[in-house]
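Below is one structure; the comments refer to it alone.
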Amino acid sequence: MEYIFSVLVENKPGVLARISQLFSARGYNITSLTVGETDDPTISRMTIVVDGDEKIMDQVKKQLNKLIDVVKVVDLTSLPQIERELLLIKVNADKKMRSEIIEIAEIFRAKIVDVSDSDVTLEATGQKDKIDALIKLLKGYKIKELARTGRSCLPRSE
Amino acid sequence: MKKKGAEILIQTLIEEGVDTMFGYPGGQVIPIFDAIFHNTDKINFYLVRHEQAAAHMADGYARSTGKVGVCLATSGPGATNLVTGIATAYMDSVPMVAITGQVTTNMIGNDAFQEANITGITYSITKHNYLVKDVKDLHRIVKEAFYIARTGRPGPVLIDIPGDVSKAEAEFEKIEKVELRSYKPVYEGNPKQIQKAAEVIMKSRKPVIISGGGVIISGADKELRELAHKTGIPVTMTLLGMGSFPSDDELSLGMPGMHGTVYANHSLQDSDLIISVGARFDDRITGKLDAFAPHAKIIHIDIDPSSIGKSVLVDIPIVGDARMILRELNKLVSKCDIGEWMQHVKELKQKNPLAYKKSEDVIKPQFIMEALSEITGGDAIYVTEVGQHQMWAAQYINYKTARSFLSSGGLGTMGYGFPAAIGAQLGNPDKTVIDISGDGSFQMNIQELATVAMNRIPVKIIILNNMYLGMVRQWQDLFWGKRYSFTCLARQARCPESSKCPGPGDQCPEMIPDFRKVAEAYGIKAYDVSKPADVKPLLKDILKMKEPVLVNFHVAMEENVMPMVPAGSALNQILDHALA
Ligand SMILES: Cc1ncc(C[n+]2csc(CCOP(=O)(O)OP(=O)(O)O)c2C)c(N)n1
Ligand SMILES: [Mg+2]
């Protein structure tokens with residue numbers, strides 16, 4: 001099953017290593033991980049998406065809480081939440097194909113951020129499913145490179 | 001007032017109550033050693049002969065006194081030599097502060113001479129660790145390190161200090177109180193959970209208490225005794241829980257698990273309620289997990305939420321300090337209605353006592369343990385290495401008080417016992433401290449004979465010399481067709497190939513080294529004993545001596561530790577060939 005942890009941590013060196021080590025020590029691959037400062041510059045928020053079984057994830061959650069540099073762990077897995085991911089994708093596009101790609105971009109509310117003779121670069125944000133769908137469509141045009149940020153999440157307010 | 005980093009470090013250590021340290025010098029810690037040089041009236045510093053021993057000494061000091069143990073090593077190899085000792089302390093929740101030198105801040109990450117990323121290496125074996133980048137942070141970090149090491153579930157904390165930080169100066173402004181927003185251990189148990197536990201205890205008909213190392217750490221031995229005596233529930237003590245409840249108490253079931261007593265294991269399997277206090281259901285205790293105590297509800301009292309529900313499913317978790325929780329629980333319980341159960345337990349005890357085949361020709365290791373127990377009357381600190389001798393020590397010695405049995409339970413570190421005994425002796429100068437050792441384990445930190453000799457530390461070293469890595473040989477004997485592959489410590493080049501070795505006999509070469517001669521080379525009194533009749537008189541003699549002594553007991557070579565629950569079997573599938 002897929003788990004999403006939102007973790008507030010001290011904004012200090014070594015914290016990321018400590019956290020990723022907890023997962024790797026148990027043989028779990030982190031699907032995605034985002035980190036960024038919060039409004040309080042001494043605290044960062046990490047969003048960790050990971051696949052694993054319930055018992056191990058319960059243990060991982062407790063181990064995360066045990067780390068001295070972890071301020072708070074929220075398990076968003078079963079909570080109502082807002083989730084976004086950003087995609088940058090560079091697709092092969094000669095002049096003929098460009099308009100088709102622009103059409104797709106419009107449907108997905110993606111922005112065109114760069115154009116050259118041979119390619120177009122799009123920027124898209126959204127939930128994972130939307131990003132996956134966009135990538136799938138663009139595969140038909142030969143993708144040169146892409147970068148995904150991984151998911152960022154916040155719980156929804158009541 | 002401005003002070004150098006090294007002085008700030010030492011002043012803060014003194015402030016934290018440190019009066020004993022163990023360590024070894026090197027380039028990056030010369031400034032720290034210089035600061036110690038100026039404070040030898042306040043800190044007794046012990047120079048070890050290998051940094052691993054410094055960590056174990058700090059550990060033995062900490063386990064036997066309850067104070068934080070402190071060790072110090074230089075960067076690179078000095079720091080990596082501490083690793084086994086730190087991991088040992090981590091697994092057994094021992095409060096320790098390990099201080100390491102580091103290359104200067106401008107060189108970090110350059111593969112500088114004697115650089116090792118020790119904070120990276122120790123992430124998973126420390127409760128927390130610090131790399132001090134600025135001398136201004138040093139005082140606060142040292143205070144935090146002690147606070148973290150000794151509170152909550154204790155553990156080792158490492159502080160890595162680059163050479164230039166030790167030399168740099170800063171204003172020394174004292175911090176009175178440590179506050180960490182992200183670390184707030186919970187001590188008080190949830191009253192509702194305690195209430196629920198009391199109700200379940202009173203309703204139980206076949207209860208057993210498991211008393212673990214947490215009882216000793218939190219100082220809850222008195223409260224545990226009260227719980228047992230008030231309710232009449234029998235108690236089994238884990239390896240780390242030895243001493244948390246008197247082994248000779250009527251309600252004691254001895255140790256559970258792989259080499260536990262038959263009656264402790266059957267009692268657990270037959271029980272309808274297990275009250276675990278400060279124990280973590282290690283696989284050496286539960287045996288095959290799916291088959292563990294199939295009818296029992298479980299109350300689990302532990303300060304570490306991550307210990308609860310990790311292996312067995314728990315019905316009533318109570319997170320907090322064992323002592324505070326037991327105090328509350330004791331107010332709510334009374335004599336349980338468990339007459340029939342206690343009859344059953346009594347029968348189990350009578351039918352399956354711990355036993356071994358006695359001998360008048362060859363010294364049985366169990367016999368030495370019984371003799372020690374009798375002669376000391378439990379009034380000593382027993383420290384063990386790892387192997388068969390460790391299990392015999394746990395089985396056959398009566399422990400009466402907390403902190404009287406020290407052993408590497410979680411990591412199972414051979415070489416732990418001797419240095420830990422030294423640390424324990426220095427923390428308890430008036431007590432008799434005995435290292436119960438094996439011929440294999442002793443050689444893992446044998447160099448500390450120098451530390452003992454030069455400081456006249458009166459530890460008593462008792463080697464149960466079976467010329468084997470006995471515990472591994474036992475597994476080879478029972479589960480690997482008696483193929484003693486590289487477990488014979490007497491084996492020499494002139495022996496026949498392993499497959500043609502007929503086993504121990506007159507044709508065997510002398511064991512190297514001769515432990516008596518080694519001890520004597522260090523100026524330590526030493527004896528060889530091979531006759532059962534000499535065991536007690538000699539033990540009586542050496543226990544009176546106020547100096548270090550080593551006794552090399554030549555014991556039955558192929559004796560096995562029994563009973564035994566083979567790894568992966570249910571707790572009631574017990575091998576007991578002891579009298580066969
Ligand atoms: C550092 C380390 N290496 C290996 C082991 C595996 N091991 C466990 S017990 C044992 C044999 C110990 O031999 P000895 O000290 O002579 O004790 P005995 O079992 O013979 O009493 C070994 C090798 C260990 N526990 N620790
Ligand atoms: Mg041996």
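Letters A, B, ... mark the chains of the structure tokens in the order given; residue numbers begin at 1 per chain; ligand numbers begin at 1, in order shown.
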task: Mind checking which residues fall within 9 Å of segment 248-258 of chain B, counting only C-alpha atoms, ignoring those fewer than 4 positions away in the same chain, and posting them as a ChimeraX atom specification?
output: /B:210,228-229,232-239,241-242,262-265,267-268,283-287,345,349,394-395,398-400,563-567,571,574
Taking N, CA and C atoms for each residue, export the selection above as an mmCIF file, in the first residue's frame.
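For reference, out-v1.cif as written:
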data_model
loop_
_atom_site.group_PDB
_atom_site.id
_atom_site.type_symbol
_atom_site.label_atom_id
_atom_site.label_comp_id
_atom_site.auth_asym_id
_atom_site.auth_seq_id
_atom_site.Cartn_x
_atom_site.Cartn_y
_atom_site.Cartn_z
ATOM 1 N N ILE B 210 6.741 -10.423 32.663
ATOM 2 C CA ILE B 210 8.095 -10.433 32.109
ATOM 3 C C ILE B 210 8.767 -9.137 32.554
ATOM 4 N N ALA B 228 4.419 -8.071 42.017
ATOM 5 C CA ALA B 228 4.417 -9.533 42.049
ATOM 6 C C ALA B 228 3.885 -10.040 43.383
ATOM 7 N N HIS B 229 4.389 -9.484 44.453
ATOM 8 C CA HIS B 229 3.998 -10.004 45.766
ATOM 9 C C HIS B 229 2.558 -9.666 46.116
ATOM 10 N N GLY B 232 0.613 -11.885 43.566
ATOM 11 C CA GLY B 232 0.992 -13.297 43.581
ATOM 12 C C GLY B 232 1.349 -13.833 42.206
ATOM 13 N N ILE B 233 1.606 -12.937 41.247
ATOM 14 C CA ILE B 233 1.909 -13.359 39.873
ATOM 15 C C ILE B 233 3.396 -13.697 39.730
ATOM 16 N N PRO B 234 3.721 -14.821 39.077
ATOM 17 C CA PRO B 234 5.125 -15.191 38.910
ATOM 18 C C PRO B 234 5.834 -14.290 37.891
ATOM 19 N N VAL B 235 7.164 -14.225 38.028
ATOM 20 C CA VAL B 235 7.957 -13.284 37.231
ATOM 21 C C VAL B 235 9.074 -14.014 36.494
ATOM 22 N N THR B 236 9.190 -13.738 35.203
ATOM 23 C CA THR B 236 10.352 -14.217 34.473
ATOM 24 C C THR B 236 11.170 -12.994 34.038
ATOM 25 N N MET B 237 12.501 -13.096 34.183
ATOM 26 C CA MET B 237 13.370 -11.958 33.903
ATOM 27 C C MET B 237 14.157 -12.213 32.626
ATOM 28 N N THR B 238 14.148 -11.230 31.726
ATOM 29 C CA THR B 238 14.944 -11.363 30.505
ATOM 30 C C THR B 238 16.424 -11.259 30.870
ATOM 31 N N LEU B 239 17.282 -11.519 29.899
ATOM 32 C CA LEU B 239 18.723 -11.426 30.158
ATOM 33 C C LEU B 239 19.071 -10.048 30.732
ATOM 34 N N GLY B 241 17.055 -8.118 32.134
ATOM 35 C CA GLY B 241 16.258 -7.878 33.334
ATOM 36 C C GLY B 241 16.785 -8.614 34.558
ATOM 37 N N MET B 242 17.864 -9.377 34.395
ATOM 38 C CA MET B 242 18.441 -10.095 35.531
ATOM 39 C C MET B 242 18.780 -9.109 36.640
ATOM 40 N N VAL B 262 12.661 -24.312 31.457
ATOM 41 C CA VAL B 262 11.494 -25.008 30.904
ATOM 42 C C VAL B 262 10.225 -24.409 31.499
ATOM 43 N N TYR B 263 10.284 -24.127 32.814
ATOM 44 C CA TYR B 263 9.057 -23.639 33.462
ATOM 45 C C TYR B 263 8.712 -22.202 33.068
ATOM 46 N N ALA B 264 9.712 -21.375 32.794
ATOM 47 C CA ALA B 264 9.382 -20.010 32.327
ATOM 48 C C ALA B 264 8.710 -20.095 30.960
ATOM 49 N N ASN B 265 9.279 -20.910 30.079
ATOM 50 C CA ASN B 265 8.736 -20.992 28.723
ATOM 51 C C ASN B 265 7.346 -21.620 28.691
ATOM 52 N N SER B 267 5.241 -21.680 31.155
ATOM 53 C CA SER B 267 4.321 -20.742 31.797
ATOM 54 C C SER B 267 3.870 -19.681 30.804
ATOM 55 N N LEU B 268 4.809 -19.153 30.030
ATOM 56 C CA LEU B 268 4.425 -18.143 29.031
ATOM 57 C C LEU B 268 3.467 -18.737 28.010
ATOM 58 N N ASP B 283 13.398 -11.668 19.550
ATOM 59 C CA ASP B 283 13.156 -13.006 18.973
ATOM 60 C C ASP B 283 13.821 -14.122 19.780
ATOM 61 N N ARG B 284 14.821 -13.792 20.584
ATOM 62 C CA ARG B 284 15.429 -14.808 21.444
ATOM 63 C C ARG B 284 14.491 -15.174 22.604
ATOM 64 N N ILE B 285 13.488 -14.346 22.821
ATOM 65 C CA ILE B 285 12.552 -14.604 23.914
ATOM 66 C C ILE B 285 11.250 -15.207 23.435
ATOM 67 N N THR B 286 10.763 -14.758 22.290
ATOM 68 C CA THR B 286 9.449 -15.232 21.852
ATOM 69 C C THR B 286 9.518 -16.586 21.160
ATOM 70 N N GLY B 287 10.702 -16.965 20.637
ATOM 71 C CA GLY B 287 10.737 -18.134 19.770
ATOM 72 C C GLY B 287 9.891 -17.823 18.542
ATOM 73 N N VAL B 345 2.227 -23.995 37.871
ATOM 74 C CA VAL B 345 3.569 -23.415 37.743
ATOM 75 C C VAL B 345 4.541 -24.135 38.682
ATOM 76 N N LYS B 349 7.880 -26.264 37.739
ATOM 77 C CA LYS B 349 9.183 -25.983 38.351
ATOM 78 C C LYS B 349 9.785 -27.251 38.953
ATOM 79 N N ALA B 394 23.705 -16.564 33.411
ATOM 80 C CA ALA B 394 22.319 -16.107 33.584
ATOM 81 C C ALA B 394 21.479 -17.183 34.273
ATOM 82 N N GLN B 395 21.782 -18.450 33.981
ATOM 83 C CA GLN B 395 20.960 -19.539 34.514
ATOM 84 C C GLN B 395 21.287 -19.886 35.964
ATOM 85 N N ASN B 398 22.348 -16.620 41.283
ATOM 86 C CA ASN B 398 21.201 -15.907 41.831
ATOM 87 C C ASN B 398 21.510 -14.422 41.881
ATOM 88 N N TYR B 399 20.723 -13.655 41.149
ATOM 89 C CA TYR B 399 20.899 -12.202 41.176
ATOM 90 C C TYR B 399 19.878 -11.634 42.127
ATOM 91 N N LYS B 400 20.331 -10.720 42.970
ATOM 92 C CA LYS B 400 19.417 -10.224 43.999
ATOM 93 C C LYS B 400 19.073 -8.766 43.812
ATOM 94 N N PRO B 563 18.351 -25.941 29.037
ATOM 95 C CA PRO B 563 17.530 -26.302 27.882
ATOM 96 C C PRO B 563 17.762 -25.344 26.710
ATOM 97 N N MET B 564 17.239 -25.784 25.551
ATOM 98 C CA MET B 564 17.370 -24.934 24.375
ATOM 99 C C MET B 564 16.129 -25.037 23.498
ATOM 100 N N VAL B 565 15.636 -23.873 23.103
ATOM 101 C CA VAL B 565 14.573 -23.811 22.104
ATOM 102 C C VAL B 565 15.264 -23.454 20.792
ATOM 103 N N PRO B 566 15.346 -24.391 19.852
ATOM 104 C CA PRO B 566 16.056 -24.074 18.605
ATOM 105 C C PRO B 566 15.447 -22.840 17.935
ATOM 106 N N ALA B 567 16.301 -22.039 17.286
ATOM 107 C CA ALA B 567 15.825 -20.816 16.621
ATOM 108 C C ALA B 567 14.674 -21.170 15.687
ATOM 109 N N LEU B 571 8.165 -21.793 21.740
ATOM 110 C CA LEU B 571 8.823 -21.813 23.058
ATOM 111 C C LEU B 571 8.663 -23.124 23.824
ATOM 112 N N ILE B 574 11.119 -27.729 23.379
ATOM 113 C CA ILE B 574 12.376 -27.526 24.096
ATOM 114 C C ILE B 574 13.261 -28.762 24.018
#
message: Please identify all residues of chain A having at least one atom at most 6 Å from any atom of chain B, considering only C-alpha atoms, and return them as a PyMOL selection string.
response: chain A and resi 62+68+70-71
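Separating atom CA of Val518 of chain B from atom CA of His554 of chain B is a distance of 15.8 Å.
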task: Can you work out which one of B:His259, B:Lys335, B:Gly76, B:Ile363 has the shortest atom-to-atom distance to Asp111 of chain B, counting only C-alpha atoms?
output: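 Among the listed residues, B:Gly76 lies closest to Asp111 of chain B.
Note that atom CA of Gly101 of chain B and atom CA of Ser20 of chain A are 26.0 Å apart.
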- prompt: What residues have any atom no more than 8 Å from ligand 2 when counting only C-alpha atoms and all ligand atoms, and can you list them as JSON, numbers by chain?
  reply: {"B": [387, 388, 389, 438, 439, 440, 441, 464, 465, 466, 467, 468, 469, 470, 471, 489]}
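Using only C-alpha atoms, the smallest distance between any of A:Arg26, A:Arg98, A:Arg148, A:Lys139 and Lys55 of chain A comes from A:Arg26.
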- prompt: Using only C-alpha atoms, which residues sit within 6 Å of Pro154 of chain B once same-chain residues fewer than 6 positions away are excluded, as a PyMOL selection string?
  reply: chain B and resi 93-95
- request: Based on DSSP run over this structure's backbone, return all residues of segment 58-124 of chain A in helix (DSSP H, G or I), as a ChimeraX atom specification.
  value: /A:58-66,95-107
Pick out each residue of segment 240-379 of chain B that DSSP on the backbone tags as strand (DSSP E or B); I need them as an mmCIF file with N, CA and C atoms, in the first residue's frame.
data_model
loop_
_atom_site.group_PDB
_atom_site.id
_atom_site.type_symbol
_atom_site.label_atom_id
_atom_site.label_comp_id
_atom_site.auth_asym_id
_atom_site.auth_seq_id
_atom_site.Cartn_x
_atom_site.Cartn_y
_atom_site.Cartn_z
ATOM 1 N N SER B 252 9.950 -16.329 41.333
ATOM 2 C CA SER B 252 10.830 -16.203 40.166
ATOM 3 C C SER B 252 10.774 -17.449 39.288
ATOM 4 N N LEU B 273 -2.392 -14.225 30.340
ATOM 5 C CA LEU B 273 -2.043 -12.800 30.377
ATOM 6 C C LEU B 273 -0.543 -12.644 30.594
ATOM 7 N N ILE B 274 0.085 -11.812 29.747
ATOM 8 C CA ILE B 274 1.494 -11.476 29.946
ATOM 9 C C ILE B 274 1.586 -9.987 30.238
ATOM 10 N N ILE B 275 2.240 -9.687 31.353
ATOM 11 C CA ILE B 275 2.453 -8.284 31.702
ATOM 12 C C ILE B 275 3.932 -8.021 31.486
ATOM 13 N N SER B 276 4.253 -7.362 30.390
ATOM 14 C CA SER B 276 5.656 -7.132 30.063
ATOM 15 C C SER B 276 6.039 -5.728 30.507
ATOM 16 N N VAL B 277 7.065 -5.647 31.333
ATOM 17 C CA VAL B 277 7.499 -4.342 31.833
ATOM 18 C C VAL B 277 8.933 -4.093 31.383
ATOM 19 N N LYS B 297 -3.452 -12.531 26.551
ATOM 20 C CA LYS B 297 -3.572 -11.094 26.295
ATOM 21 C C LYS B 297 -2.236 -10.496 26.699
ATOM 22 N N ILE B 298 -1.911 -9.351 26.111
ATOM 23 C CA ILE B 298 -0.618 -8.762 26.452
ATOM 24 C C ILE B 298 -0.752 -7.313 26.897
ATOM 25 N N ILE B 299 -0.208 -7.060 28.085
ATOM 26 C CA ILE B 299 -0.069 -5.678 28.571
ATOM 27 C C ILE B 299 1.402 -5.326 28.369
ATOM 28 N N HIS B 300 1.663 -4.255 27.657
ATOM 29 C CA HIS B 300 3.065 -3.915 27.379
ATOM 30 C C HIS B 300 3.377 -2.513 27.910
ATOM 31 N N ILE B 301 4.221 -2.470 28.926
ATOM 32 C CA ILE B 301 4.634 -1.192 29.508
ATOM 33 C C ILE B 301 6.032 -0.877 28.995
ATOM 34 N N ASP B 302 6.177 0.237 28.287
ATOM 35 C CA ASP B 302 7.488 0.580 27.738
ATOM 36 C C ASP B 302 7.550 2.082 27.502
ATOM 37 N N ILE B 316 -3.010 -4.127 25.584
ATOM 38 C CA ILE B 316 -3.034 -2.886 26.355
ATOM 39 C C ILE B 316 -1.636 -2.276 26.387
ATOM 40 N N PRO B 317 -1.363 -1.347 25.477
ATOM 41 C CA PRO B 317 -0.066 -0.667 25.527
ATOM 42 C C PRO B 317 -0.104 0.451 26.567
ATOM 43 N N ILE B 318 0.961 0.582 27.338
ATOM 44 C CA ILE B 318 1.077 1.734 28.237
ATOM 45 C C ILE B 318 2.458 2.338 28.022
ATOM 46 N N VAL B 319 2.474 3.542 27.451
ATOM 47 C CA VAL B 319 3.752 4.194 27.176
ATOM 48 C C VAL B 319 4.130 5.073 28.363
ATOM 49 N N ILE B 363 35.758 -30.240 35.422
ATOM 50 C CA ILE B 363 34.979 -29.113 35.942
ATOM 51 C C ILE B 363 33.837 -28.803 34.994
#
- prompt: If you count only C-alpha atoms, which residues fall within 8 Å of Lys230 of chain B, apart from same-chain ones fewer than 5 positions away, as JSON, numbers by chain?
  reply: {"B": [330, 333, 334, 335]}
task: Compile the contact shell of segment 39-53 of chain A as a PyMOL selection string: residues with an atom at most 6 Å away, counting only C-alpha atoms, same-chain residues fewer than 5 positions apart removed.
output: chain A and resi 1-11+30-34+152
task: Provide the atom CA of Pro419 of chain B to atom CA of Ile461 of chain B distance in Å, to one decimal place.
output: 10.8 Å
task: Excluding Ala124 of chain A and residues on its chain fewer than 4 positions from it, collect all residues at most 7 Å away from it, counting only C-alpha atoms, and give them as a list of chain:residue names.
output: A:Leu86, A:Leu87, A:Leu88, A:Arg109, A:Ala110, A:Lys111
For the residues selected in the previous step, produce a file with all heavy atoms as a short mmCIF file (atom, residue, chain, number, x, y, z; two decimals), in the first residue's frame.
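And here's result.cif as it stands now:
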data_model
loop_
_atom_site.label_atom_id
_atom_site.label_comp_id
_atom_site.auth_asym_id
_atom_site.auth_seq_id
_atom_site.Cartn_x
_atom_site.Cartn_y
_atom_site.Cartn_z
N LEU A 86 4.76 18.90 -9.50
CA LEU A 86 5.11 19.71 -10.67
C LEU A 86 5.96 18.88 -11.62
O LEU A 86 6.83 18.12 -11.18
CB LEU A 86 5.88 20.96 -10.22
CG LEU A 86 6.24 21.93 -11.33
CD1 LEU A 86 5.90 23.36 -10.90
CD2 LEU A 86 7.72 21.87 -11.69
N LEU A 87 5.65 19.06 -12.92
CA LEU A 87 6.38 18.34 -13.96
C LEU A 87 6.99 19.32 -14.94
O LEU A 87 6.34 20.28 -15.36
CB LEU A 87 5.40 17.43 -14.71
CG LEU A 87 5.89 16.83 -16.04
CD1 LEU A 87 6.87 15.68 -15.78
CD2 LEU A 87 4.71 16.34 -16.88
N LEU A 88 8.24 19.12 -15.27
CA LEU A 88 8.86 19.81 -16.42
C LEU A 88 9.17 18.72 -17.44
O LEU A 88 9.78 17.71 -17.08
CB LEU A 88 10.15 20.50 -16.00
CG LEU A 88 10.00 21.74 -15.11
CD1 LEU A 88 11.37 22.23 -14.66
CD2 LEU A 88 9.25 22.85 -15.85
N ARG A 109 -3.89 22.16 -18.93
CA ARG A 109 -3.51 23.44 -18.32
C ARG A 109 -2.01 23.49 -18.01
O ARG A 109 -1.58 23.97 -16.97
CB ARG A 109 -4.29 23.69 -17.02
CG ARG A 109 -5.77 23.79 -17.27
CD ARG A 109 -6.45 24.71 -16.28
NE ARG A 109 -7.88 24.64 -16.47
CZ ARG A 109 -8.74 24.17 -15.56
NH1 ARG A 109 -8.31 23.77 -14.39
NH2 ARG A 109 -10.03 24.14 -15.84
N ALA A 110 -1.26 22.95 -18.94
CA ALA A 110 0.20 23.03 -18.79
C ALA A 110 0.69 24.29 -19.49
O ALA A 110 0.06 24.75 -20.44
CB ALA A 110 0.85 21.80 -19.41
N LYS A 111 1.81 24.82 -19.01
CA LYS A 111 2.36 26.03 -19.62
C LYS A 111 3.50 25.65 -20.54
O LYS A 111 4.24 24.69 -20.26
CB LYS A 111 2.92 26.93 -18.53
CG LYS A 111 1.91 27.89 -17.98
CD LYS A 111 2.64 28.96 -17.16
CE LYS A 111 2.35 28.75 -15.68
NZ LYS A 111 3.18 29.48 -14.77
#
field: Polymer residues at most 12 Å from Thr121 of chain A, only C-alpha atoms, same-chain spacing of 4 or more positions, as a PyMOL selection string
entry: chain A and resi 87-93+98+101-102+105+110-117+138+143-147
Selected residues written out, N, CA and C atoms, as a CSV table (one decimal), in the first residue's frame:
chain,number,residue,atom,x,y,z
A,87,LEU,N,5.7,19.1,-12.9
A,87,LEU,CA,6.4,18.3,-14.0
A,87,LEU,C,7.0,19.3,-14.9
A,88,LEU,N,8.2,19.1,-15.3
A,88,LEU,CA,8.9,19.8,-16.4
A,88,LEU,C,9.2,18.7,-17.4
A,89,ILE,N,8.7,18.9,-18.7
A,89,ILE,CA,8.9,17.9,-19.7
A,89,ILE,C,9.3,18.5,-21.0
A,90,LYS,N,10.4,17.9,-21.6
A,90,LYS,CA,10.9,18.4,-22.9
A,90,LYS,C,10.6,17.4,-23.9
A,91,VAL,N,9.8,17.8,-24.9
A,91,VAL,CA,9.3,16.8,-25.9
A,91,VAL,C,9.8,17.2,-27.3
A,92,ASN,N,10.2,16.2,-28.1
A,92,ASN,CA,10.6,16.4,-29.5
A,92,ASN,C,9.4,17.1,-30.2
A,93,ALA,N,9.7,18.1,-30.9
A,93,ALA,CA,8.6,18.8,-31.7
A,93,ALA,C,9.2,19.6,-32.8
A,98,ARG,N,4.3,20.9,-33.4
A,98,ARG,CA,4.2,21.8,-32.3
A,98,ARG,C,2.7,22.1,-31.8
A,101,ILE,N,1.1,19.5,-29.8
A,101,ILE,CA,1.5,19.4,-28.4
A,101,ILE,C,0.9,20.6,-27.6
A,102,ILE,N,0.8,21.8,-28.3
A,102,ILE,CA,0.3,22.9,-27.6
A,102,ILE,C,-1.2,22.6,-27.2
A,105,ALA,N,-1.2,20.5,-24.2
A,105,ALA,CA,-0.8,21.3,-23.1
A,105,ALA,C,-2.0,22.1,-22.6
A,110,ALA,N,-1.3,23.0,-18.9
A,110,ALA,CA,0.2,23.0,-18.8
A,110,ALA,C,0.7,24.3,-19.5
A,111,LYS,N,1.8,24.8,-19.0
A,111,LYS,CA,2.4,26.0,-19.6
A,111,LYS,C,3.5,25.6,-20.5
A,112,ILE,N,3.7,26.4,-21.6
A,112,ILE,CA,4.8,26.2,-22.4
A,112,ILE,C,5.9,27.1,-21.9
A,113,VAL,N,7.0,26.6,-21.5
A,113,VAL,CA,8.0,27.4,-20.8
A,113,VAL,C,9.3,27.6,-21.7
A,114,ASP,N,9.4,26.8,-22.7
A,114,ASP,CA,10.5,27.0,-23.6
A,114,ASP,C,10.3,26.3,-25.0
A,115,VAL,N,10.7,26.9,-26.0
A,115,VAL,CA,10.5,26.4,-27.4
A,115,VAL,C,11.8,26.5,-28.1
A,116,SER,N,12.2,25.5,-28.9
A,116,SER,CA,13.3,25.6,-29.8
A,116,SER,C,12.9,25.0,-31.1
A,117,ASP,N,13.8,25.0,-32.1
A,117,ASP,CA,13.5,24.4,-33.4
A,117,ASP,C,13.0,22.9,-33.3
A,138,LEU,N,2.2,12.3,-24.0
A,138,LEU,CA,3.4,12.9,-24.6
A,138,LEU,C,4.4,11.9,-25.1
A,143,ILE,N,9.7,11.7,-25.7
A,143,ILE,CA,10.2,12.6,-24.6
A,143,ILE,C,11.7,12.7,-24.6
A,144,LYS,N,12.2,13.9,-24.6
A,144,LYS,CA,13.7,14.0,-24.5
A,144,LYS,C,14.2,13.9,-23.0
A,145,GLU,N,13.5,14.6,-22.2
A,145,GLU,CA,13.9,14.6,-20.7
A,145,GLU,C,12.7,15.0,-19.9
A,146,LEU,N,12.6,14.5,-18.7
A,146,LEU,CA,11.6,15.1,-17.8
A,146,LEU,C,12.1,15.1,-16.4
A,147,ALA,N,11.4,16.0,-15.6
A,147,ALA,CA,11.8,16.1,-14.2
A,147,ALA,C,10.5,16.2,-13.4
message: Counting only C-alpha atoms and all ligand atoms, which residue out of B:Gly377, B:Gly278, B:Gly409, B:Pro25 sits closest to ligand 1?
response: B:Gly409
task: Compare B:Asn428, B:Gln114, B:Gln195, B:Ser408 by their minimum atom-to-atom distance to ligand 1, counting only C-alpha atoms and all ligand atoms, and give me the closest one.
output: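 Distance minimum relative to ligand 1 lands on B:Ser408.
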- request: May I ask which of the residues B:Pro191, B:Gly69, B:Pro246, B:Gly410 is the closest one to ligand 1, counting only C-alpha atoms and all ligand atoms?
  value: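 Smallest separation from ligand 1 among the options: B:Gly410.
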query: Which one is closest to ligand 1: B:Cys508, B:Ile436, B:Ile43, B:Val200? Count only C-alpha atoms and all ligand atoms.
result: B:Ile436
